[in-house]
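Structure data follow from run02.pdb (PDB, C-alpha atoms):
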ATOM      1  CA  MET A   1      -4.646  25.995  32.891
ATOM      2  CA  LYS A   2      -7.309  28.346  34.212
ATOM      3  CA  GLU A   3     -10.244  26.507  32.629
ATOM      4  CA  LEU A   4     -11.008  22.844  31.917
ATOM      5  CA  SER A   5     -12.024  23.963  28.431
ATOM      6  CA  LEU A   6      -8.381  24.951  27.806
ATOM      7  CA  HIS A   7      -7.218  21.435  28.741
ATOM      8  CA  ILE A   8      -9.812  20.091  26.294
ATOM      9  CA  LEU A   9      -8.533  22.356  23.514
ATOM     10  CA  ASP A  10      -4.963  21.259  24.274
ATOM     11  CA  ILE A  11      -5.635  17.500  24.346
ATOM     12  CA  THR A  12      -7.626  17.589  21.093
ATOM     13  CA  GLN A  13      -4.617  19.185  19.384
ATOM     14  CA  ASN A  14      -2.786  15.898  20.093
ATOM     15  CA  SER A  15      -5.561  14.082  18.214
ATOM     16  CA  ILE A  16      -5.131  16.334  15.199
ATOM     17  CA  ARG A  17      -1.370  15.795  15.194
ATOM     18  CA  ALA A  18      -2.085  12.045  15.337
ATOM     19  CA  GLN A  19      -3.976  12.473  12.023
ATOM     20  CA  ALA A  20      -7.387  11.773  13.550
ATOM     21  CA  LYS A  21     -10.294  12.094  11.126
ATOM     22  CA  LEU A  22     -12.837  12.167  13.939
ATOM     23  CA  VAL A  23     -12.609  13.478  17.496
ATOM     24  CA  GLU A  24     -15.406  12.719  19.946
ATOM     25  CA  LEU A  25     -15.788  14.830  23.068
ATOM     26  CA  PHE A  26     -18.165  13.843  25.853
ATOM     27  CA  ILE A  27     -18.722  15.970  28.926
ATOM     28  CA  VAL A  28     -20.913  14.638  31.708
ATOM     29  CA  GLU A  29     -21.913  16.936  34.557
ATOM     30  CA  SER A  30     -23.963  15.435  37.341
ATOM     31  CA  THR A  31     -24.794  17.364  40.481
ATOM     32  CA  ALA A  32     -26.384  14.258  42.030
ATOM     33  CA  ASN A  33     -23.184  12.218  41.595
ATOM     34  CA  ASN A  34     -20.931  15.210  42.311
ATOM     35  CA  GLU A  35     -19.139  14.440  39.079
ATOM     36  CA  LEU A  36     -17.688  16.242  36.087
ATOM     37  CA  THR A  37     -16.169  13.860  33.555
ATOM     38  CA  ILE A  38     -14.451  14.687  30.287
ATOM     39  CA  ILE A  39     -13.876  11.974  27.674
ATOM     40  CA  ILE A  40     -11.869  12.661  24.514
ATOM     41  CA  LYS A  41     -11.736   9.893  21.930
ATOM     42  CA  ASP A  42     -10.051   9.960  18.533
ATOM     43  CA  ASN A  43      -9.335   7.668  15.610
ATOM     44  CA  GLY A  44      -5.778   8.900  15.137
ATOM     45  CA  CYS A  45      -2.618   6.811  14.790
ATOM     46  CA  GLY A  46      -2.588   5.707  18.450
ATOM     47  CA  ILE A  47       0.304   5.424  20.911
ATOM     48  CA  PRO A  48       2.669   2.424  21.065
ATOM     49  CA  ALA A  49       2.340   0.378  24.283
ATOM     50  CA  ASP A  50       5.890   1.157  25.463
ATOM     51  CA  ARG A  51       5.215   4.899  25.185
ATOM     52  CA  LEU A  52       1.814   4.716  26.815
ATOM     53  CA  GLU A  53       3.355   3.593  30.120
ATOM     54  CA  ASN A  54       5.055   6.911  30.793
ATOM     55  CA  ILE A  55       2.951   9.191  28.588
ATOM     56  CA  THR A  56       1.943  11.453  31.502
ATOM     57  CA  ASP A  57       5.564  11.921  32.569
ATOM     58  CA  PRO A  58       6.253  15.600  31.784
ATOM     59  CA  PHE A  59       9.718  14.721  30.517
ATOM     60  CA  VAL A  60       8.337  12.456  27.819
ATOM     61  CA  THR A  61       7.268  13.930  24.494
ATOM     62  CA  THR A  62       7.464  13.035  20.817
ATOM     63  CA  ARG A  63       8.130  16.583  19.813
ATOM     64  CA  THR A  64      11.508  17.831  18.736
ATOM     65  CA  THR A  65      11.009  21.553  19.355
ATOM     66  CA  ARG A  66      11.364  21.135  23.127
ATOM     67  CA  LYS A  67      12.125  18.412  25.645
ATOM     68  CA  VAL A  68       9.005  18.488  27.831
ATOM     69  CA  GLY A  69       5.434  17.404  27.139
ATOM     70  CA  LEU A  70       3.015  18.941  29.590
ATOM     71  CA  GLY A  71      -0.454  18.583  28.099
ATOM     72  CA  LEU A  72      -1.428  15.148  29.445
ATOM     73  CA  SER A  73       0.617  15.618  32.640
ATOM     74  CA  LEU A  74      -1.254  18.805  33.534
ATOM     75  CA  PHE A  75      -4.652  17.289  32.748
ATOM     76  CA  LYS A  76      -3.896  14.246  34.926
ATOM     77  CA  ALA A  77      -2.632  16.399  37.804
ATOM     78  CA  ALA A  78      -5.774  18.566  37.610
ATOM     79  CA  ALA A  79      -8.130  15.557  37.832
ATOM     80  CA  GLU A  80      -6.208  13.782  40.583
ATOM     81  CA  GLY A  81      -5.908  16.997  42.562
ATOM     82  CA  CYS A  82      -9.719  17.242  42.602
ATOM     83  CA  GLY A  83     -10.482  13.821  44.053
ATOM     84  CA  GLY A  84     -10.991  12.403  40.570
ATOM     85  CA  TYR A  85      -9.088  10.089  38.258
ATOM     86  CA  PHE A  86      -7.338  10.056  34.895
ATOM     87  CA  GLU A  87      -7.138   7.221  32.356
ATOM     88  CA  ILE A  88      -5.562   6.924  28.955
ATOM     89  CA  SER A  89      -5.894   3.956  26.626
ATOM     90  CA  SER A  90      -4.703   3.594  23.079
ATOM     91  CA  THR A  91      -4.412   1.051  20.284
ATOM     92  CA  GLN A  92      -2.047   1.705  17.416
ATOM     93  CA  GLY A  93      -3.921   2.189  14.162
ATOM     94  CA  VAL A  94      -7.257   2.464  15.996
ATOM     95  CA  GLY A  95      -7.103   5.537  18.216
ATOM     96  CA  THR A  96      -6.730   6.984  21.683
ATOM     97  CA  LYS A  97      -9.130   7.658  24.538
ATOM     98  CA  VAL A  98      -8.498  10.022  27.437
ATOM     99  CA  VAL A  99     -10.789  10.189  30.487
ATOM    100  CA  ALA A 100     -10.461  12.826  33.211
ATOM    101  CA  SER A 101     -12.977  12.845  36.021
ATOM    102  CA  PHE A 102     -13.352  15.498  38.718
ATOM    103  CA  LYS A 103     -15.309  15.838  41.936
ATOM    104  CA  ARG A 104     -17.633  18.589  40.737
ATOM    105  CA  ASP A 105     -17.714  20.533  44.008
ATOM    106  CA  HIS A 106     -13.994  20.154  44.817
ATOM    107  CA  ILE A 107     -12.572  23.511  45.888
ATOM    108  CA  ASP A 108      -9.632  23.163  43.501
ATOM    109  CA  ARG A 109     -11.716  22.310  40.446
ATOM    110  CA  VAL A 110     -11.297  25.145  37.957
ATOM    111  CA  PRO A 111     -14.431  26.156  36.012
ATOM    112  CA  LEU A 112     -15.245  24.410  32.760
ATOM    113  CA  GLY A 113     -14.933  27.891  31.250
ATOM    114  CA  ASN A 114     -15.755  29.109  27.783
ATOM    115  CA  MET A 115     -16.681  25.982  25.822
ATOM    116  CA  ALA A 116     -18.012  28.012  22.885
ATOM    117  CA  ASP A 117     -14.572  29.566  22.286
ATOM    118  CA  THR A 118     -12.859  26.190  22.726
ATOM    119  CA  ILE A 119     -15.158  24.539  20.166
ATOM    120  CA  LEU A 120     -14.650  27.492  17.810
ATOM    121  CA  THR A 121     -10.857  27.253  18.119
ATOM    122  CA  MET A 122     -10.981  23.477  17.671
ATOM    123  CA  VAL A 123     -13.016  23.841  14.488
ATOM    124  CA  MET A 124     -10.537  26.446  13.195
ATOM    125  CA  SER A 125      -7.677  24.009  13.692
ATOM    126  CA  PHE A 126      -9.385  20.798  12.595
ATOM    127  CA  GLY A 127      -9.323  21.278   8.819
ATOM    128  CA  ALA A 128     -10.935  18.217   7.241
ATOM    129  CA  ALA A 129     -11.231  16.348  10.574
ATOM    130  CA  ASP A 130     -14.625  16.171  12.270
ATOM    131  CA  LEU A 131     -15.839  16.782  15.801
ATOM    132  CA  ILE A 132     -18.753  15.278  17.689
ATOM    133  CA  TYR A 133     -19.423  17.047  20.985
ATOM    134  CA  GLU A 134     -22.013  15.791  23.453
ATOM    135  CA  HIS A 135     -22.610  17.617  26.704
ATOM    136  CA  ASP A 136     -24.808  16.014  29.320
ATOM    137  CA  TYR A 137     -25.772  18.497  32.012
ATOM    138  CA  ASN A 138     -27.813  16.666  34.655
ATOM    139  CA  ASN A 139     -29.430  14.497  31.948
ATOM    140  CA  GLN A 140     -30.120  17.422  29.583
ATOM    141  CA  LEU A 141     -28.207  16.783  26.371
ATOM    142  CA  PHE A 142     -26.553  19.180  23.907
ATOM    143  CA  VAL A 143     -25.079  17.716  20.719
ATOM    144  CA  PHE A 144     -22.854  19.385  18.144
ATOM    145  CA  ASN A 145     -21.637  17.539  15.059
ATOM    146  CA  THR A 146     -19.450  19.071  12.337
ATOM    147  CA  GLN A 147     -20.275  16.233   9.906
ATOM    148  CA  GLU A 148     -23.890  17.396   9.900
ATOM    149  CA  ILE A 149     -22.909  21.037   9.274
ATOM    150  CA  LYS A 150     -20.521  20.115   6.463
ATOM    151  CA  ALA A 151     -23.181  17.946   4.800
ATOM    152  CA  THR A 152     -25.831  20.694   5.001
ATOM    153  CA  LEU A 153     -23.516  23.422   3.700
ATOM    154  CA  GLU A 154     -21.773  21.115   1.225
ATOM    155  CA  VAL A 155     -18.293  22.281   2.269
ATOM    156  CA  GLU A 156     -15.102  20.434   3.268
ATOM    157  CA  SER A 157     -13.820  22.882   5.875
ATOM    158  CA  LEU A 158     -15.685  25.093   8.339
ATOM    159  CA  ASN A 159     -12.834  27.580   8.741
ATOM    160  CA  GLU A 160     -14.753  30.603   7.414
ATOM    161  CA  PRO A 161     -15.584  33.563   9.680
ATOM    162  CA  ASP A 162     -19.350  33.511   9.041
ATOM    163  CA  ILE A 163     -19.587  29.770   9.786
ATOM    164  CA  LEU A 164     -17.348  30.125  12.856
ATOM    165  CA  ASN A 165     -19.455  32.957  14.244
ATOM    166  CA  TRP A 166     -22.582  30.886  13.842
ATOM    167  CA  ILE A 167     -20.943  27.874  15.545
ATOM    168  CA  ARG A 168     -19.843  30.008  18.480
ATOM    169  CA  GLU A 169     -23.372  31.314  19.060
ATOM    170  CA  TYR A 170     -24.908  27.901  18.467
ATOM    171  CA  VAL A 171     -22.715  26.256  21.136
ATOM    172  CA  SER A 172     -23.068  29.126  23.581
ATOM    173  CA  GLU A 173     -26.882  29.179  23.279
ATOM    174  CA  GLY A 174     -27.157  25.383  23.284
ATOM    175  CA  LEU A 175     -25.202  25.044  26.523
ATOM    176  CA  LYS A 176     -27.180  27.833  28.165
ATOM    177  CA  GLU A 177     -30.383  26.120  27.147
ATOM    178  CA  ILE A 178     -29.558  22.766  28.775
ATOM    179  CA  GLN A 179     -28.665  24.547  31.997
ATOM    180  CA  GLU A 180     -31.887  26.556  31.985
ATOM    181  CA  MET A 181     -33.975  23.462  31.234
ATOM    182  CA  MET A 182     -32.422  21.800  34.241
ATOM    183  CA  GLU A 183     -33.214  24.772  36.477
ATOM    184  CA  GLU A 184     -36.814  24.893  35.272
ATOM    185  CA  ALA A 185     -37.218  21.179  36.007
ATOM    186  CA  LEU A 186     -35.963  21.817  39.538
ATOM    187  CA  TRP A 187     -38.513  24.600  40.070
ATOM    188  CA  GLN A 188     -41.396  22.455  38.874
ATOM    189  CA  SER A 189     -40.564  19.416  40.987
ATOM    190  CA  PRO A 190     -42.610  19.259  44.215
TER     191      PRO A 190
ATOM    192  CA  MET B   1     -32.955  25.236  19.496
ATOM    193  CA  ALA B   2     -33.008  28.921  18.609
ATOM    194  CA  LYS B   3     -30.406  28.644  15.880
ATOM    195  CA  SER B   4     -30.948  26.368  12.947
ATOM    196  CA  LEU B   5     -28.724  25.045  10.210
ATOM    197  CA  ALA B   6     -31.187  26.389   7.634
ATOM    198  CA  GLU B   7     -30.482  29.891   8.909
ATOM    199  CA  LEU B   8     -26.740  29.345   8.526
ATOM    200  CA  LYS B   9     -27.261  28.081   5.005
ATOM    201  CA  ALA B  10     -29.108  31.276   4.086
ATOM    202  CA  ILE B  11     -26.283  33.458   5.438
ATOM    203  CA  ARG B  12     -23.827  31.387   3.436
ATOM    204  CA  GLU B  13     -25.654  31.707   0.161
ATOM    205  CA  LYS B  14     -25.572  35.485   0.411
ATOM    206  CA  LYS B  15     -21.828  35.447   1.012
ATOM    207  CA  LEU B  16     -20.862  32.756  -1.442
ATOM    208  CA  ASN B  17     -19.175  35.050  -3.950
ATOM    209  CA  GLU B  18     -16.840  36.725  -1.512
ATOM    210  CA  ILE B  19     -15.868  33.371  -0.007
ATOM    211  CA  ASN B  20     -14.592  32.254  -3.376
ATOM    212  CA  LEU B  21     -12.286  35.271  -3.279
ATOM    213  CA  ARG B  22     -10.866  34.296   0.104
ATOM    214  CA  HIS B  23      -8.517  31.739  -1.345
ATOM    215  CA  GLY B  24      -6.647  34.160  -3.619
ATOM    216  CA  LYS B  25      -2.938  33.325  -3.557
ATOM    217  CA  ASP B  26      -1.839  36.870  -2.759
ATOM    218  CA  GLY B  27      -3.584  36.880   0.597
ATOM    219  CA  TYR B  28      -2.017  36.703   4.038
ATOM    220  CA  ARG B  29      -1.891  33.441   5.936
ATOM    221  CA  VAL B  30      -1.941  33.880   9.708
ATOM    222  CA  VAL B  31      -0.744  31.049  11.942
ATOM    223  CA  VAL B  32      -1.196  30.827  15.727
ATOM    224  CA  GLY B  33       0.876  28.501  17.939
ATOM    225  CA  MET B  34      -1.581  26.176  19.667
ATOM    226  CA  ALA B  35       0.436  23.701  21.716
ATOM    227  CA  THR B  36       0.168  23.449  25.516
ATOM    228  CA  CYS B  37       2.517  26.434  25.930
ATOM    229  CA  GLY B  38       0.505  28.635  23.569
ATOM    230  CA  ILE B  39      -2.870  27.669  25.021
ATOM    231  CA  ALA B  40      -1.713  28.230  28.616
ATOM    232  CA  ALA B  41      -0.318  31.638  27.634
ATOM    233  CA  GLY B  42      -3.583  32.754  26.006
ATOM    234  CA  ALA B  43      -3.660  31.562  22.388
ATOM    235  CA  ARG B  44      -7.412  30.919  22.441
ATOM    236  CA  PRO B  45      -8.531  34.555  22.871
ATOM    237  CA  VAL B  46      -5.919  35.520  20.253
ATOM    238  CA  MET B  47      -7.398  33.032  17.783
ATOM    239  CA  VAL B  48     -10.976  34.146  18.520
ATOM    240  CA  LYS B  49     -10.077  37.842  18.159
ATOM    241  CA  LEU B  50      -8.324  37.164  14.842
ATOM    242  CA  MET B  51     -11.470  35.523  13.520
ATOM    243  CA  GLU B  52     -13.655  38.405  14.748
ATOM    244  CA  GLU B  53     -11.450  41.160  13.333
ATOM    245  CA  VAL B  54     -10.913  39.457   9.978
ATOM    246  CA  GLU B  55     -14.679  39.146   9.626
ATOM    247  CA  ALA B  56     -15.406  42.689  10.917
ATOM    248  CA  LYS B  57     -12.931  44.201   8.435
ATOM    249  CA  ASN B  58     -14.198  41.858   5.729
ATOM    250  CA  LEU B  59     -10.665  40.773   4.768
ATOM    251  CA  VAL B  60     -11.661  38.136   2.253
ATOM    252  CA  ASP B  61      -8.105  37.154   1.294
ATOM    253  CA  VAL B  62      -6.855  36.288   4.800
ATOM    254  CA  THR B  63      -6.800  32.733   6.151
ATOM    255  CA  VAL B  64      -6.306  31.904   9.830
ATOM    256  CA  ALA B  65      -4.809  28.558  10.886
ATOM    257  CA  GLN B  66      -2.964  26.967  13.792
ATOM    258  CA  THR B  67       0.302  25.176  14.320
ATOM    259  CA  GLY B  68       1.930  23.242  17.154
ATOM    260  CA  CYS B  69       4.756  24.408  19.379
ATOM    261  CA  ILE B  70       6.958  26.875  17.513
ATOM    262  CA  GLY B  71       9.845  26.234  19.922
ATOM    263  CA  SER B  72       9.988  29.526  21.818
ATOM    264  CA  CYS B  73       7.459  28.801  24.547
ATOM    265  CA  ARG B  74       8.502  31.830  26.606
ATOM    266  CA  LEU B  75       7.372  34.139  23.773
ATOM    267  CA  GLU B  76       3.847  32.670  23.445
ATOM    268  CA  PRO B  77       1.217  33.497  22.324
ATOM    269  CA  ILE B  78       2.993  33.690  18.966
ATOM    270  CA  VAL B  79       1.323  34.793  15.731
ATOM    271  CA  GLU B  80       3.091  34.343  12.394
ATOM    272  CA  VAL B  81       1.973  36.284   9.336
ATOM    273  CA  TYR B  82       2.960  34.898   5.921
ATOM    274  CA  ASP B  83       2.481  37.041   2.829
ATOM    275  CA  GLY B  84       1.842  35.894  -0.748
ATOM    276  CA  ASN B  85       5.607  35.256  -1.262
ATOM    277  CA  ASN B  86       5.737  33.150   1.915
ATOM    278  CA  ASP B  87       7.835  35.823   3.673
ATOM    279  CA  LYS B  88       7.143  35.681   7.398
ATOM    280  CA  VAL B  89       6.774  38.194  10.237
ATOM    281  CA  THR B  90       6.594  36.789  13.786
ATOM    282  CA  TYR B  91       4.620  38.598  16.490
ATOM    283  CA  VAL B  92       5.252  37.568  20.107
ATOM    284  CA  HIS B  93       3.537  37.930  23.514
ATOM    285  CA  MET B  94       0.271  38.580  21.720
ATOM    286  CA  ASN B  95      -3.133  39.328  23.218
ATOM    287  CA  ALA B  96      -6.535  40.349  21.890
ATOM    288  CA  GLU B  97      -5.765  44.112  21.820
ATOM    289  CA  LYS B  98      -2.478  43.610  19.973
ATOM    290  CA  VAL B  99      -4.237  41.324  17.481
ATOM    291  CA  ALA B 100      -6.763  44.064  16.684
ATOM    292  CA  ARG B 101      -3.884  46.400  15.774
ATOM    293  CA  VAL B 102      -2.053  43.782  13.697
ATOM    294  CA  VAL B 103      -5.248  43.112  11.728
ATOM    295  CA  ALA B 104      -5.964  46.842  11.214
ATOM    296  CA  GLU B 105      -2.403  47.779  10.200
ATOM    297  CA  HIS B 106      -0.612  44.706   8.859
ATOM    298  CA  LEU B 107      -3.383  42.583   7.354
ATOM    299  CA  ALA B 108      -5.548  45.477   6.140
ATOM    300  CA  GLN B 109      -2.822  47.930   5.058
ATOM    301  CA  GLY B 110       0.415  45.939   4.787
ATOM    302  CA  LYS B 111       2.164  47.952   7.535
ATOM    303  CA  ILE B 112       4.143  45.747   9.961
ATOM    304  CA  VAL B 113       3.590  46.609  13.642
ATOM    305  CA  ASP B 114       7.293  46.698  14.575
ATOM    306  CA  GLU B 115       6.973  46.894  18.337
ATOM    307  CA  TYR B 116       5.103  43.575  18.585
ATOM    308  CA  THR B 117       7.656  41.610  16.552
ATOM    309  CA  MET B 118      10.532  39.667  18.080
ATOM    310  CA  THR B 119      13.157  41.671  16.273
ATOM    311  CA  VAL B 120      13.722  44.606  18.593
ATOM    312  CA  VAL B 121      17.237  44.011  19.995
ATOM    313  CA  ASP B 122      18.653  46.484  22.533
ATOM    314  CA  GLY B 123      16.001  48.986  21.480
ATOM    315  CA  LYS B 124      17.109  48.741  17.851
ATOM    316  CA  LEU B 125      14.884  47.248  15.191
ATOM    317  CA  ILE B 126      16.260  44.690  12.776
ATOM    318  CA  ASP B 127      14.236  43.814   9.655
ATOM    319  CA  PRO B 128      11.337  41.709  11.001
ATOM    320  CA  THR B 129      10.665  39.926   7.698
ATOM    321  CA  VAL B 130      12.093  36.437   7.247
ATOM    322  CA  LYS B 131      12.289  35.491   3.580
ATOM    323  CA  GLY B 132      10.304  32.388   2.603
TER     324      GLY B 132
END

Turn the structure described in the file into structure tokens.
Amino acid sequence: MKELSLHILDITQNSIRAQAKLVELFIVESTANNELTIIIKDNGCGIPADRLENITDPFVTTRTTRKVGLGLSLFKAAAEGCGGYFEISSTQGVGTKVVASFKRDHIDRVPLGNMADTILTMVMSFGAADLIYEHDYNNQLFVFNTQEIKATLEVESLNEPDILNWIREYVSEGLKEIQEMMEEALWQSP
Amino acid sequence: MAKSLAELKAIREKKLNEINLRHGKDGYRVVVGMATCGIAAGARPVMVKLMEEVEAKNLVDVTVAQTGCIGSCRLEPIVEVYDGNNDKVTYVHMNAEKVARVVAEHLAQGKIVDEYTMTVVDGKLIDPTVKG
């Protein structure tokens, strides 16, 4: 994958197939700690303990259309190849949590990439499921919550072009804002 | 924050009537393969372009959705177009430019873009429509 945001899109598709009603995505970027951490948490059906053991083995998958499952394997390899770590935990009937952490300045770390397009594509594929996305960029926080949007608009699904366009701009501007706020704070500090 | 939910609500209210039309049963349903294979091959820009073009052309009776692995990973990104009778045309090796043409010709005018389908065998075209 050329962008971390593509891994994120891929892993959240697992959550949707596990019938999750809510997916929570946390991204923490810290220059001071040289860290970029991605946490994806869902309340889907969960993974049985015996499957969890070898879940990142590329030759293990629950699908029937092909014999390999690469999503988690690729995400794990990306994190571990960048001096970071990968963890997956799951409880059947409760949900699954995936953590991938990267050394932010590692030469092999691919860019986070276009998060606005990833969020947009997630929303298009989520149907009735909800997404909470929190992005912490050096302690500046951006939050996006589909439950809030659905409640305000009084709709069940956000898969309408005018809503999607708005979401894309909202995320893109929101992320730009937290980065600019951080830069301003740096300028003002003595 | 520059953008507010109130602003979105106002846009919505203006468009409410046409959105009710969007769910007409005769409309096309467009499905994009979004498993690891599809995403790695470029399904995200295909999905985004579909959304943009459907909105730009104001095609109120088209819905865009996603599916998992379709089973032919080497042909990704794959886009399937279902018509009102559930007959299906499968487009393969898609990208944003090809999507623009499929929206303009197939979704807007009902003309299948033969050269992007998976049914050209030895230079000869077989009927790309699979009955539902």

Tell me which protein, DNA and RNA residues are within 7 Å of Met118 (chain B), counting all atoms listed in the file, leaving out same-chain ones fewer than 6 positions away, and put them as a list in words.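 Near Met118 (chain B), the qualifying residues are Thr90, Tyr91 and Val92 of chain B.
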
Please find the residues of chain B near chain A - the criterion being any atom within 7 Å, counting all atoms listed in the file - and write them as a VMD selection string. chain B and resid 1 3 8 to 9 35 to 36 39 to 40 44 47 to 48 51 55 65 to 66 69 to 71

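Counting all atoms listed in the file, the residue from B:Asp114, B:Val103, B:Gly68, B:Gly84 that sits nearest to Ser15 (chain A) is B:Gly68.
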
Of the candidates A:Asp105, A:Ile40, A:Lys97, A:Leu141, which shows the shortest atom-to-atom distance to Gly84 (chain A), using all atoms listed in the file?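 Going through A:Asp105, A:Ile40, A:Lys97, A:Leu141 one by one, the smallest distance to Gly84 (chain A) is for A:Asp105.
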
To test the calculation: enclose all listed atoms of region 157-173 of chain A in a box whose edges run along x, y and z, add 8 Å on each side, then state centre and edge lengths in Å to one decimal, as JSON.
{"center_x": -19.9, "center_y": 28.2, "center_z": 14.7, "size_x": 30.0, "size_y": 26.7, "size_z": 33.7}

With only C-alpha atoms as the counted atoms, please give the residues lying no more than 8 Å from Val81 (chain B), apart from itself and same-chain residues fewer than 4 positions off, as a VMD selection string. chain B and resid 28 to 31 88 to 91

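Using all atoms listed in the file, the protein and nucleic acid residues lying at most 9 Å from the point (-4.9, 4.9, 27.3) are A:Ile47, A:Leu52, A:Glu53, A:Glu87, A:Ile88, A:Ser89, A:Ser90, A:Thr91, A:Thr96, A:Lys97, A:Val98, A:Val99.
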
Could you tell me how far CA of Ala43 (chain B) sits from CA of His106 (chain A), in Å to one decimal place?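 Those two atoms sit 27.2 Å apart.
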
So, with all atoms listed in the file as the atoms that count, which of B:Ile11, B:Leu59, B:Leu50, B:Pro77 lies closest to Gly33 (chain B)?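 Among the listed residues, the smallest separation from Gly33 (chain B) belongs to B:Pro77.
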